[in-house]
Amino acid sequence: MDIEVYGDAFTLKLAGRSMTFLFSPPAIQHFFSAPDAEIAFRPAIQPFTQRVFGLPSDRFFPKHSAMLAALRGLLAPDSLRSRLQPVAAAMQKRLHALWGDCGEVGLLEAVKEVLFAPTVQALFGAEFCSRHGPAALADAFFKFESGFELAASPLPHILQRSFSASRARLLASFRASLAAGDFEGELIGDLIRQSEIEADLAPNAMLAVLWAALSNSVPAAFWSTAFLLLPQHCSHLDAVLKTLPPALPAGATSAETCEYLESLVQVALDRRGPLAATVAEAVRLRSPGVDLRMAACDTCMPMDDGRQLSIKKACNLSQRCIRITQSGQLLAVSPYESHLDERLFGSRAFDYNPCRGDLAAVTGVAGIGGVAGFAFGGGRYRCPGRFFAEAEIALVVALLLSRYSLTLSTRAQETGRRALAEE
Ligand code: HEM
């Protein structure tokens, strides 16, 4: 692996692929706003859609714009209140089953448990969930998810048994539920119908939506909670706690429970409140992955210092590399790294500060805005689930904080307590 450094950009040659990372704010702006004829989305994500989800490019991409538009419409902010109310009720049930009134659990496990089934239910419907069982679906999903990156590589899937088996289980579940009509009247059924995805591709498209909806939301909910619980962030925690309804009394009536859940949804949907700010700040600081595009022609990226970075469509590596990357040079933006850039987020960009103010530079970048920066991508292809995701993550945090008095324990404390208990 060799790295060439050009200040605000570098090219990484990895496993026969050449990937140019861009960090200069004007280059990031151009990356998200240039037309597809210059910087293209489709060939960059093709290895994922084709190899990982099994969606043949020539059949899936003609429907892609319609699918994006349909999902944006189905998850538009004004639809979220009604979508989130059943999610809140399902989350509360799971939380109670998992934790009861007290105890010690792994935060990541708790977040997975609270988020997975209610999200699947909200997007795919209760029939799908109960037919296949939330635990079996979660088991298959998290195995599929952990093999995701490797599955996009040229390594044959026959050598990736856990990934292949979990994918087959998820696809079989989608097929069985399609045949049984479980998706009628559910968001996913509407999405497939509105985007005119052909019947044989529907299970694979559903798999893509399932992955997109959960793979980033789980770590984002984990970090949103964990940051708030750190002792040095207690003032932010207090600000959030003040916005939450009082915990439900034991033996609350169903009307009281309904009212309580409705208030939690209202707090989660308040994009100007302290809870939304803490979620956005956690997402900014812990954005996973990279945003990818591909050079569709020879082009130039504007840099901060006024120079232009020349990008060639075909990379001039070895003969073999040209063959592999013949459709263009891969371009990448790293939200994780760029979100620590003081040119975008002001001084002490690496600090957790949900009250950070001066974001003028960020809001000037095409299609992105606010504290979360470009964790949700940007431009035409920005995440269609963003508003749903942010509200749902806020809901997890609100439920956890309003129901329990939480403290983080270190592994050493946990081991110490176990040892005492065993004595
Ligand atoms: C914290 C949670 C989430 C994060 C950080 C996130 C981030 C992203 C990013 C970076 C992209 C690529 C955008 C680009 O290349 O410009 C994307 C695409 C996508 N996201 Fe999200 N996402 C989240 C949650 C969700 C949820 C909850 C849903 C669905 C309900 C969803 C549905 C999608 C879909 C379907 C795409 C693919 C769009 C396409 O093919 O063009 N995401 N997301």
# chains A, B, ... in the order shown; residues from 1 in each chain; ligands from 1

call {"tool": "residues_around", "arguments": {"residues": "Arg286 in chain A", "least_positions_apart": "4", "cutoff": "12 Å", "atoms": "only C-alpha atoms", "output": "PDB file with N, CA and C atoms, in the first residue's frame"}}
result
ATOM      1  N   ASN A 216     -26.301   2.228  10.189  1.00  0.00           N
ATOM      2  CA  ASN A 216     -25.746   3.444  10.792  1.00  0.00           C
ATOM      3  C   ASN A 216     -26.519   3.888  12.027  1.00  0.00           C
ATOM      4  N   SER A 217     -27.792   3.543  12.085  1.00  0.00           N
ATOM      5  CA  SER A 217     -28.607   4.036  13.202  1.00  0.00           C
ATOM      6  C   SER A 217     -28.182   3.403  14.528  1.00  0.00           C
ATOM      7  N   VAL A 218     -27.779   2.131  14.488  1.00  0.00           N
ATOM      8  CA  VAL A 218     -27.392   1.464  15.737  1.00  0.00           C
ATOM      9  C   VAL A 218     -26.170   2.159  16.373  1.00  0.00           C
ATOM     10  N   PRO A 219     -25.051   2.315  15.624  1.00  0.00           N
ATOM     11  CA  PRO A 219     -23.927   3.019  16.279  1.00  0.00           C
ATOM     12  C   PRO A 219     -24.262   4.471  16.640  1.00  0.00           C
ATOM     13  N   ALA A 220     -25.105   5.116  15.823  1.00  0.00           N
ATOM     14  CA  ALA A 220     -25.442   6.517  16.125  1.00  0.00           C
ATOM     15  C   ALA A 220     -26.235   6.605  17.433  1.00  0.00           C
ATOM     16  N   ALA A 221     -27.140   5.657  17.667  1.00  0.00           N
ATOM     17  CA  ALA A 221     -27.912   5.680  18.918  1.00  0.00           C
ATOM     18  C   ALA A 221     -27.007   5.344  20.105  1.00  0.00           C
ATOM     19  N   PHE A 222     -26.064   4.432  19.868  1.00  0.00           N
ATOM     20  CA  PHE A 222     -25.112   4.092  20.937  1.00  0.00           C
ATOM     21  C   PHE A 222     -24.321   5.338  21.345  1.00  0.00           C
ATOM     22  N   TRP A 223     -23.735   6.016  20.354  1.00  0.00           N
ATOM     23  CA  TRP A 223     -22.887   7.177  20.676  1.00  0.00           C
ATOM     24  C   TRP A 223     -23.698   8.341  21.225  1.00  0.00           C
ATOM     25  N   SER A 224     -24.913   8.520  20.723  1.00  0.00           N
ATOM     26  CA  SER A 224     -25.747   9.626  21.227  1.00  0.00           C
ATOM     27  C   SER A 224     -25.991   9.443  22.724  1.00  0.00           C
ATOM     28  N   ALA A 226     -24.083   7.362  24.815  1.00  0.00           N
ATOM     29  CA  ALA A 226     -22.821   7.262  25.553  1.00  0.00           C
ATOM     30  C   ALA A 226     -22.197   8.640  25.801  1.00  0.00           C
ATOM     31  N   PHE A 227     -22.192   9.494  24.790  1.00  0.00           N
ATOM     32  CA  PHE A 227     -21.605  10.840  24.984  1.00  0.00           C
ATOM     33  C   PHE A 227     -22.314  11.565  26.125  1.00  0.00           C
ATOM     34  N   VAL A 279     -27.942  14.578  19.488  1.00  0.00           N
ATOM     35  CA  VAL A 279     -27.895  13.495  18.483  1.00  0.00           C
ATOM     36  C   VAL A 279     -27.030  13.943  17.299  1.00  0.00           C
ATOM     37  N   ALA A 280     -27.277  15.164  16.824  1.00  0.00           N
ATOM     38  CA  ALA A 280     -26.517  15.660  15.666  1.00  0.00           C
ATOM     39  C   ALA A 280     -25.023  15.710  15.977  1.00  0.00           C
ATOM     40  N   GLU A 281     -24.691  16.119  17.194  1.00  0.00           N
ATOM     41  CA  GLU A 281     -23.265  16.236  17.562  1.00  0.00           C
ATOM     42  C   GLU A 281     -22.617  14.845  17.657  1.00  0.00           C
ATOM     43  N   ALA A 282     -23.354  13.877  18.189  1.00  0.00           N
ATOM     44  CA  ALA A 282     -22.807  12.513  18.273  1.00  0.00           C
ATOM     45  C   ALA A 282     -22.637  11.929  16.870  1.00  0.00           C
ATOM     46  N   VAL A 290     -17.450   6.022   4.445  1.00  0.00           N
ATOM     47  CA  VAL A 290     -17.039   7.093   3.531  1.00  0.00           C
ATOM     48  C   VAL A 290     -18.146   7.290   2.503  1.00  0.00           C
ATOM     49  N   SER A 334     -14.488  11.568   3.624  1.00  0.00           N
ATOM     50  CA  SER A 334     -14.634  10.899   4.919  1.00  0.00           C
ATOM     51  C   SER A 334     -15.306  11.839   5.912  1.00  0.00           C
ATOM     52  N   PRO A 335     -16.594  11.620   6.203  1.00  0.00           N
ATOM     53  CA  PRO A 335     -17.247  12.485   7.194  1.00  0.00           C
ATOM     54  C   PRO A 335     -16.513  12.434   8.530  1.00  0.00           C
ATOM     55  N   TYR A 336     -16.052  11.255   8.921  1.00  0.00           N
ATOM     56  CA  TYR A 336     -15.405  11.114  10.234  1.00  0.00           C
ATOM     57  C   TYR A 336     -14.228  12.082  10.349  1.00  0.00           C
ATOM     58  N   GLU A 337     -13.382  12.095   9.330  1.00  0.00           N
ATOM     59  CA  GLU A 337     -12.182  12.935   9.364  1.00  0.00           C
ATOM     60  C   GLU A 337     -12.536  14.408   9.145  1.00  0.00           C
ATOM     61  N   SER A 338     -13.382  14.660   8.148  1.00  0.00           N
ATOM     62  CA  SER A 338     -13.698  16.057   7.819  1.00  0.00           C
ATOM     63  C   SER A 338     -14.513  16.742   8.899  1.00  0.00           C
ATOM     64  N   HIS A 339     -15.229  15.964   9.676  1.00  0.00           N
ATOM     65  CA  HIS A 339     -16.015  16.583  10.753  1.00  0.00           C
ATOM     66  C   HIS A 339     -15.136  17.065  11.902  1.00  0.00           C
ATOM     67  N   LEU A 340     -13.851  16.723  11.843  1.00  0.00           N
ATOM     68  CA  LEU A 340     -12.917  17.245  12.853  1.00  0.00           C
ATOM     69  C   LEU A 340     -12.155  18.448  12.298  1.00  0.00           C
ATOM     70  N   PHE A 350     -13.022  18.950  17.368  1.00  0.00           N
ATOM     71  CA  PHE A 350     -12.999  17.575  17.868  1.00  0.00           C
ATOM     72  C   PHE A 350     -13.707  17.434  19.216  1.00  0.00           C
ATOM     73  N   ASP A 351     -14.093  18.555  19.837  1.00  0.00           N
ATOM     74  CA  ASP A 351     -14.801  18.463  21.129  1.00  0.00           C
ATOM     75  C   ASP A 351     -16.270  18.115  20.921  1.00  0.00           C
ATOM     76  N   TYR A 352     -16.827  17.418  21.898  1.00  0.00           N
ATOM     77  CA  TYR A 352     -18.280  17.188  21.906  1.00  0.00           C
ATOM     78  C   TYR A 352     -18.921  18.454  22.458  1.00  0.00           C
ATOM     79  N   ALA A 372     -24.811  17.979  11.968  1.00  0.00           N
ATOM     80  CA  ALA A 372     -24.470  16.623  11.511  1.00  0.00           C
ATOM     81  C   ALA A 372     -23.610  16.626  10.244  1.00  0.00           C
ATOM     82  N   GLY A 373     -23.391  17.815   9.655  1.00  0.00           N
ATOM     83  CA  GLY A 373     -22.482  17.914   8.512  1.00  0.00           C
ATOM     84  C   GLY A 373     -22.910  17.005   7.381  1.00  0.00           C
ATOM     85  N   PHE A 374     -21.981  16.187   6.889  1.00  0.00           N
ATOM     86  CA  PHE A 374     -22.380  15.308   5.785  1.00  0.00           C
ATOM     87  C   PHE A 374     -22.314  13.837   6.193  1.00  0.00           C
ATOM     88  N   ALA A 375     -22.655  13.569   7.435  1.00  0.00           N
ATOM     89  CA  ALA A 375     -22.795  12.175   7.877  1.00  0.00           C
ATOM     90  C   ALA A 375     -23.861  11.474   7.043  1.00  0.00           C
ATOM     91  N   PHE A 376     -24.839  12.235   6.556  1.00  0.00           N
ATOM     92  CA  PHE A 376     -25.914  11.639   5.751  1.00  0.00           C
ATOM     93  C   PHE A 376     -25.667  11.853   4.262  1.00  0.00           C
TER      94      PHE A 376
END

call {"tool": "residues_near_ligand", "arguments": {"ligand": "ligand 1", "cutoff": "7 Å", "atoms": "only C-alpha atoms and all ligand atoms", "output": "PyMOL selection string"}}
result
chain A and resi 64+68+208-209+212-214+216-217+220+283+287+291-292+375-379+381-386+388-390

call {"tool": "write_last_selection", "arguments": {"atoms": "C-alpha atoms", "output": "short mmCIF file (atom, residue, chain, number, x, y, z; two decimals), in the first residue's frame"}}
result
data_model
loop_
_atom_site.label_atom_id
_atom_site.label_comp_id
_atom_site.auth_asym_id
_atom_site.auth_seq_id
_atom_site.Cartn_x
_atom_site.Cartn_y
_atom_site.Cartn_z
CA HIS A 64 -32.98 4.23 -8.48
CA LEU A 68 -34.96 7.65 -3.69
CA ALA A 208 -30.77 -2.88 0.75
CA VAL A 209 -33.35 -0.77 2.60
CA ALA A 212 -29.43 1.23 5.08
CA ALA A 213 -31.99 1.75 7.84
CA LEU A 214 -30.11 -0.05 10.59
CA ASN A 216 -25.75 3.44 10.79
CA SER A 217 -28.61 4.04 13.20
CA ALA A 220 -25.44 6.52 16.13
CA VAL A 283 -23.53 11.67 14.62
CA SER A 287 -19.85 9.16 11.38
CA ASP A 291 -19.15 8.75 0.85
CA LEU A 292 -18.13 7.47 -2.58
CA ALA A 375 -22.79 12.17 7.88
CA PHE A 376 -25.91 11.64 5.75
CA GLY A 377 -24.10 12.33 2.49
CA GLY A 378 -25.03 15.36 0.45
CA GLY A 379 -26.45 16.70 -2.78
CA TYR A 381 -28.07 11.36 -3.24
CA ARG A 382 -28.18 12.39 0.41
CA CYS A 383 -29.74 9.87 2.74
CA PRO A 384 -33.51 9.69 2.23
CA GLY A 385 -33.96 8.35 5.77
CA ARG A 386 -32.21 11.22 7.54
CA PHE A 388 -36.59 9.47 10.35
CA ALA A 389 -33.17 8.33 11.58
CA GLU A 390 -32.51 11.43 13.66
#

call {"tool": "residues_around", "arguments": {"residues": "Val114 in chain A", "least_positions_apart": "6", "cutoff": "12 Å", "atoms": "only C-alpha atoms", "output": "ChimeraX atom specification"}}
result
/A:87-99,107-108,120-121,134-135,138,214,217-218,221-222,392-393,395-397,399-400

call {"tool": "residues_around", "arguments": {"residues": "Ser153 in chain A", "least_positions_apart": "3", "cutoff": "9 Å", "atoms": "only C-alpha atoms", "output": "PyMOL selection string"}}
result
chain A and resi 15+47-48+51+149-150+156

call {"tool": "closest_atom_pairs", "arguments": {"of": "range 42-158 of chain A", "to": "range 183-187 of chain A", "cutoff": "8 Å", "atoms": "only C-alpha atoms", "output": "tab-separated table"}}
result
residue	atom	partner	partner_atom	distance
A:Leu74	CA	A:Leu187	CA	7.0
A:Ala122	CA	A:Leu187	CA	7.6
A:Leu123	CA	A:Leu187	CA	5.3
A:Phe124	CA	A:Glu186	CA	6.0
A:Gly125	CA	A:Glu186	CA	5.7
A:Glu127	CA	A:Phe183	CA	7.9
A:Phe128	CA	A:Phe183	CA	7.4

call {"tool": "write_last_selection", "arguments": {"atoms": "C-alpha atoms", "output": "compact mmCIF listing (two decimals), in the first residue's frame"}}
result
# COMPACT_ATOMS: atom_id res chain seq x y z
CA LEU A 74 -42.69 8.29 2.56
CA ALA A 122 -42.14 0.61 11.19
CA LEU A 123 -40.69 -0.01 7.73
CA PHE A 124 -41.69 -3.60 6.92
CA GLY A 125 -44.75 -4.09 9.11
CA GLU A 127 -46.73 -9.22 10.01
CA PHE A 128 -43.23 -9.56 8.59

call {"tool": "closest_residue", "arguments": {"among": "A:His132, A:Lys13, A:Arg59, A:Arg83", "to": "Val265 in chain A", "atoms": "only C-alpha atoms"}}
result
A:Arg83

call {"tool": "atom_distance", "arguments": {"atom1": "CA of Ser164 in chain A", "atom2": "CA of Gly133 in chain A"}}
result
19.9 Å

call {"tool": "atom_distance", "arguments": {"atom1": "CA of Leu170 in chain A", "atom2": "CA of Arg131 in chain A"}}
result
12.4 Å

call {"tool": "closest_residue", "arguments": {"among": "A:Leu408, A:Ala314, A:Leu309, A:Leu75", "to": "His30 in chain A", "atoms": "only C-alpha atoms"}}
result
A:Leu309

call {"tool": "residues_around", "arguments": {"residues": "range 142-145 of chain A", "least_positions_apart": "6", "cutoff": "8 Å", "atoms": "only C-alpha atoms", "output": "number ranges by chain"}}
result
A: 162-164, 166-167, 211, 215

call {"tool": "write_last_selection", "arguments": {"atoms": "all heavy atoms", "output": "PDB file, in the first residue's frame"}}
result
ATOM      1  N   SER A 162     -20.720 -17.163   6.661  1.00  0.00           N
ATOM      2  CA  SER A 162     -21.706 -16.566   7.571  1.00  0.00           C
ATOM      3  C   SER A 162     -22.481 -15.475   6.832  1.00  0.00           C
ATOM      4  O   SER A 162     -23.711 -15.391   6.926  1.00  0.00           O
ATOM      5  CB  SER A 162     -20.973 -15.990   8.789  1.00  0.00           C
ATOM      6  OG  SER A 162     -21.823 -15.182   9.511  1.00  0.00           O
ATOM      7  N   PHE A 163     -21.749 -14.660   6.040  1.00  0.00           N
ATOM      8  CA  PHE A 163     -22.415 -13.610   5.265  1.00  0.00           C
ATOM      9  C   PHE A 163     -23.428 -14.229   4.301  1.00  0.00           C
ATOM     10  O   PHE A 163     -24.590 -13.815   4.241  1.00  0.00           O
ATOM     11  CB  PHE A 163     -21.373 -12.774   4.499  1.00  0.00           C
ATOM     12  CG  PHE A 163     -21.997 -11.876   3.472  1.00  0.00           C
ATOM     13  CD1 PHE A 163     -22.521 -10.644   3.842  1.00  0.00           C
ATOM     14  CD2 PHE A 163     -22.115 -12.274   2.142  1.00  0.00           C
ATOM     15  CE1 PHE A 163     -23.151  -9.828   2.917  1.00  0.00           C
ATOM     16  CE2 PHE A 163     -22.740 -11.469   1.212  1.00  0.00           C
ATOM     17  CZ  PHE A 163     -23.253 -10.238   1.596  1.00  0.00           C
ATOM     18  N   SER A 164     -22.975 -15.241   3.540  1.00  0.00           N
ATOM     19  CA  SER A 164     -23.845 -15.819   2.510  1.00  0.00           C
ATOM     20  C   SER A 164     -25.079 -16.470   3.125  1.00  0.00           C
ATOM     21  O   SER A 164     -26.193 -16.316   2.615  1.00  0.00           O
ATOM     22  CB  SER A 164     -23.093 -16.863   1.683  1.00  0.00           C
ATOM     23  OG  SER A 164     -21.973 -16.262   1.092  1.00  0.00           O
ATOM     24  N   SER A 166     -26.506 -15.758   6.047  1.00  0.00           N
ATOM     25  CA  SER A 166     -27.439 -14.786   6.633  1.00  0.00           C
ATOM     26  C   SER A 166     -28.169 -14.034   5.520  1.00  0.00           C
ATOM     27  O   SER A 166     -29.364 -13.742   5.638  1.00  0.00           O
ATOM     28  CB  SER A 166     -26.726 -13.839   7.587  1.00  0.00           C
ATOM     29  OG  SER A 166     -25.620 -13.272   6.967  1.00  0.00           O
ATOM     30  N   ARG A 167     -27.461 -13.741   4.433  1.00  0.00           N
ATOM     31  CA  ARG A 167     -28.144 -13.076   3.307  1.00  0.00           C
ATOM     32  C   ARG A 167     -29.257 -13.980   2.749  1.00  0.00           C
ATOM     33  O   ARG A 167     -30.369 -13.513   2.483  1.00  0.00           O
ATOM     34  CB  ARG A 167     -27.146 -12.712   2.200  1.00  0.00           C
ATOM     35  CG  ARG A 167     -27.846 -12.030   1.044  1.00  0.00           C
ATOM     36  CD  ARG A 167     -26.897 -11.449   0.035  1.00  0.00           C
ATOM     37  NE  ARG A 167     -26.351 -12.474  -0.845  1.00  0.00           N
ATOM     38  CZ  ARG A 167     -25.664 -12.202  -1.944  1.00  0.00           C
ATOM     39  NH1 ARG A 167     -25.419 -10.948  -2.276  1.00  0.00           N
ATOM     40  NH2 ARG A 167     -25.196 -13.167  -2.691  1.00  0.00           N
ATOM     41  N   TRP A 211     -30.688  -2.825   5.374  1.00  0.00           N
ATOM     42  CA  TRP A 211     -29.310  -2.529   5.767  1.00  0.00           C
ATOM     43  C   TRP A 211     -29.119  -1.024   5.968  1.00  0.00           C
ATOM     44  O   TRP A 211     -28.559  -0.579   6.979  1.00  0.00           O
ATOM     45  CB  TRP A 211     -28.331  -3.055   4.694  1.00  0.00           C
ATOM     46  CG  TRP A 211     -26.924  -2.720   5.064  1.00  0.00           C
ATOM     47  CD1 TRP A 211     -26.119  -3.423   5.919  1.00  0.00           C
ATOM     48  CD2 TRP A 211     -26.185  -1.578   4.653  1.00  0.00           C
ATOM     49  NE1 TRP A 211     -24.918  -2.768   6.058  1.00  0.00           N
ATOM     50  CE2 TRP A 211     -24.925  -1.643   5.293  1.00  0.00           C
ATOM     51  CE3 TRP A 211     -26.448  -0.496   3.802  1.00  0.00           C
ATOM     52  CZ2 TRP A 211     -23.937  -0.676   5.113  1.00  0.00           C
ATOM     53  CZ3 TRP A 211     -25.475   0.464   3.621  1.00  0.00           C
ATOM     54  CH2 TRP A 211     -24.228   0.376   4.264  1.00  0.00           C
ATOM     55  N   SER A 215     -27.852  -0.073   9.688  1.00  0.00           N
ATOM     56  CA  SER A 215     -26.407  -0.199   9.885  1.00  0.00           C
ATOM     57  C   SER A 215     -25.801   1.050  10.524  1.00  0.00           C
ATOM     58  O   SER A 215     -24.883   0.944  11.329  1.00  0.00           O
ATOM     59  CB  SER A 215     -25.720  -0.492   8.558  1.00  0.00           C
ATOM     60  OG  SER A 215     -25.949   0.586   7.692  1.00  0.00           O
TER      61      SER A 215
END

call {"tool": "select_by_dssp", "arguments": {"residues": "range 23-188 of chain A", "states": "alpha helix (DSSP H)", "output": "NGL selection string"}}
result
:A and (25-33 or 42-46 or 57-74 or 80-99 or 107-124 or 126-132 or 134-146 or 148-152 or 161-180 or 187-188)

call {"tool": "atom_distance", "arguments": {"atom1": "CA of Glu259 in chain A", "atom2": "CA of Ala239 in chain A"}}
result
21.8 Å

call {"tool": "closest_residue", "arguments": {"among": "A:Asp341, A:Leu171, A:Gly100, A:Ala179", "to": "Arg403 in chain A", "atoms": "only C-alpha atoms"}}
result
A:Gly100

call {"tool": "closest_residue", "arguments": {"among": "A:Thr410, A:Gln266, A:Ser65, A:Asn353", "to": "Leu285 in chain A", "atoms": "only C-alpha atoms"}}
result
A:Asn353

call {"tool": "closest_residue", "arguments": {"among": "A:Leu401, A:Ala176, A:Val105, A:Ile39", "to": "Leu229 in chain A", "atoms": "only C-alpha atoms"}}
result
A:Leu401

call {"tool": "residues_around", "arguments": {"residues": "Leu330 in chain A", "least_positions_apart": "5", "cutoff": "9 Å", "atoms": "only C-alpha atoms", "output": "MDAnalysis selection string"}}
result
chainID A and resid 17:21 43:44 292:295 313 325

call {"tool": "decode", "arguments": {"residues": "range 209-235 of chain A", "atoms": "N, CA and C atoms", "output": "PDB file, in the first residue's frame"}}
result
ATOM      1  N   VAL A 209     -32.701  -1.756   1.723  1.00  0.00           N
ATOM      2  CA  VAL A 209     -33.351  -0.771   2.602  1.00  0.00           C
ATOM      3  C   VAL A 209     -33.148  -1.163   4.070  1.00  0.00           C
ATOM      4  N   LEU A 210     -33.276  -2.461   4.354  1.00  0.00           N
ATOM      5  CA  LEU A 210     -33.079  -2.920   5.738  1.00  0.00           C
ATOM      6  C   LEU A 210     -31.676  -2.552   6.223  1.00  0.00           C
ATOM      7  N   TRP A 211     -30.688  -2.825   5.374  1.00  0.00           N
ATOM      8  CA  TRP A 211     -29.310  -2.529   5.767  1.00  0.00           C
ATOM      9  C   TRP A 211     -29.119  -1.024   5.968  1.00  0.00           C
ATOM     10  N   ALA A 212     -29.614  -0.235   4.991  1.00  0.00           N
ATOM     11  CA  ALA A 212     -29.433   1.229   5.081  1.00  0.00           C
ATOM     12  C   ALA A 212     -30.088   1.773   6.343  1.00  0.00           C
ATOM     13  N   ALA A 213     -31.231   1.199   6.708  1.00  0.00           N
ATOM     14  CA  ALA A 213     -31.991   1.750   7.836  1.00  0.00           C
ATOM     15  C   ALA A 213     -31.358   1.430   9.182  1.00  0.00           C
ATOM     16  N   LEU A 214     -30.600   0.337   9.257  1.00  0.00           N
ATOM     17  CA  LEU A 214     -30.110  -0.045  10.592  1.00  0.00           C
ATOM     18  C   LEU A 214     -28.600   0.047  10.780  1.00  0.00           C
ATOM     19  N   SER A 215     -27.852  -0.073   9.688  1.00  0.00           N
ATOM     20  CA  SER A 215     -26.407  -0.199   9.885  1.00  0.00           C
ATOM     21  C   SER A 215     -25.801   1.050  10.524  1.00  0.00           C
ATOM     22  N   ASN A 216     -26.301   2.228  10.189  1.00  0.00           N
ATOM     23  CA  ASN A 216     -25.746   3.444  10.792  1.00  0.00           C
ATOM     24  C   ASN A 216     -26.519   3.888  12.027  1.00  0.00           C
ATOM     25  N   SER A 217     -27.792   3.543  12.085  1.00  0.00           N
ATOM     26  CA  SER A 217     -28.607   4.036  13.202  1.00  0.00           C
ATOM     27  C   SER A 217     -28.182   3.403  14.528  1.00  0.00           C
ATOM     28  N   VAL A 218     -27.779   2.131  14.488  1.00  0.00           N
ATOM     29  CA  VAL A 218     -27.392   1.464  15.737  1.00  0.00           C
ATOM     30  C   VAL A 218     -26.170   2.159  16.373  1.00  0.00           C
ATOM     31  N   PRO A 219     -25.051   2.315  15.624  1.00  0.00           N
ATOM     32  CA  PRO A 219     -23.927   3.019  16.279  1.00  0.00           C
ATOM     33  C   PRO A 219     -24.262   4.471  16.640  1.00  0.00           C
ATOM     34  N   ALA A 220     -25.105   5.116  15.823  1.00  0.00           N
ATOM     35  CA  ALA A 220     -25.442   6.517  16.125  1.00  0.00           C
ATOM     36  C   ALA A 220     -26.235   6.605  17.433  1.00  0.00           C
ATOM     37  N   ALA A 221     -27.140   5.657  17.667  1.00  0.00           N
ATOM     38  CA  ALA A 221     -27.912   5.680  18.918  1.00  0.00           C
ATOM     39  C   ALA A 221     -27.007   5.344  20.105  1.00  0.00           C
ATOM     40  N   PHE A 222     -26.064   4.432  19.868  1.00  0.00           N
ATOM     41  CA  PHE A 222     -25.112   4.092  20.937  1.00  0.00           C
ATOM     42  C   PHE A 222     -24.321   5.338  21.345  1.00  0.00           C
ATOM     43  N   TRP A 223     -23.735   6.016  20.354  1.00  0.00           N
ATOM     44  CA  TRP A 223     -22.887   7.177  20.676  1.00  0.00           C
ATOM     45  C   TRP A 223     -23.698   8.341  21.225  1.00  0.00           C
ATOM     46  N   SER A 224     -24.913   8.520  20.723  1.00  0.00           N
ATOM     47  CA  SER A 224     -25.747   9.626  21.227  1.00  0.00           C
ATOM     48  C   SER A 224     -25.991   9.443  22.724  1.00  0.00           C
ATOM     49  N   THR A 225     -26.197   8.193  23.146  1.00  0.00           N
ATOM     50  CA  THR A 225     -26.428   7.926  24.571  1.00  0.00           C
ATOM     51  C   THR A 225     -25.113   7.999  25.351  1.00  0.00           C
ATOM     52  N   ALA A 226     -24.083   7.362  24.815  1.00  0.00           N
ATOM     53  CA  ALA A 226     -22.821   7.262  25.553  1.00  0.00           C
ATOM     54  C   ALA A 226     -22.197   8.640  25.801  1.00  0.00           C
ATOM     55  N   PHE A 227     -22.192   9.494  24.790  1.00  0.00           N
ATOM     56  CA  PHE A 227     -21.605  10.840  24.984  1.00  0.00           C
ATOM     57  C   PHE A 227     -22.314  11.565  26.125  1.00  0.00           C
ATOM     58  N   LEU A 228     -23.646  11.459  26.145  1.00  0.00           N
ATOM     59  CA  LEU A 228     -24.414  12.184  27.167  1.00  0.00           C
ATOM     60  C   LEU A 228     -24.123  11.671  28.571  1.00  0.00           C
ATOM     61  N   LEU A 229     -23.772  10.387  28.660  1.00  0.00           N
ATOM     62  CA  LEU A 229     -23.577   9.807  29.991  1.00  0.00           C
ATOM     63  C   LEU A 229     -22.180  10.053  30.557  1.00  0.00           C
ATOM     64  N   LEU A 230     -21.285  10.576  29.737  1.00  0.00           N
ATOM     65  CA  LEU A 230     -19.941  10.843  30.271  1.00  0.00           C
ATOM     66  C   LEU A 230     -20.035  11.970  31.304  1.00  0.00           C
ATOM     67  N   PRO A 231     -19.365  11.817  32.449  1.00  0.00           N
ATOM     68  CA  PRO A 231     -19.515  12.802  33.530  1.00  0.00           C
ATOM     69  C   PRO A 231     -19.237  14.237  33.068  1.00  0.00           C
ATOM     70  N   GLN A 232     -18.268  14.411  32.179  1.00  0.00           N
ATOM     71  CA  GLN A 232     -17.932  15.784  31.743  1.00  0.00           C
ATOM     72  C   GLN A 232     -19.025  16.422  30.879  1.00  0.00           C
ATOM     73  N   HIS A 233     -20.028  15.625  30.475  1.00  0.00           N
ATOM     74  CA  HIS A 233     -21.105  16.183  29.640  1.00  0.00           C
ATOM     75  C   HIS A 233     -22.400  16.348  30.436  1.00  0.00           C
ATOM     76  N   CYS A 234     -22.269  16.404  31.786  1.00  0.00           N
ATOM     77  CA  CYS A 234     -23.505  16.386  32.606  1.00  0.00           C
ATOM     78  C   CYS A 234     -24.388  17.608  32.352  1.00  0.00           C
ATOM     79  N   SER A 235     -23.805  18.744  31.945  1.00  0.00           N
ATOM     80  CA  SER A 235     -24.678  19.911  31.715  1.00  0.00           C
ATOM     81  C   SER A 235     -25.572  19.671  30.486  1.00  0.00           C
TER      82      SER A 235
END
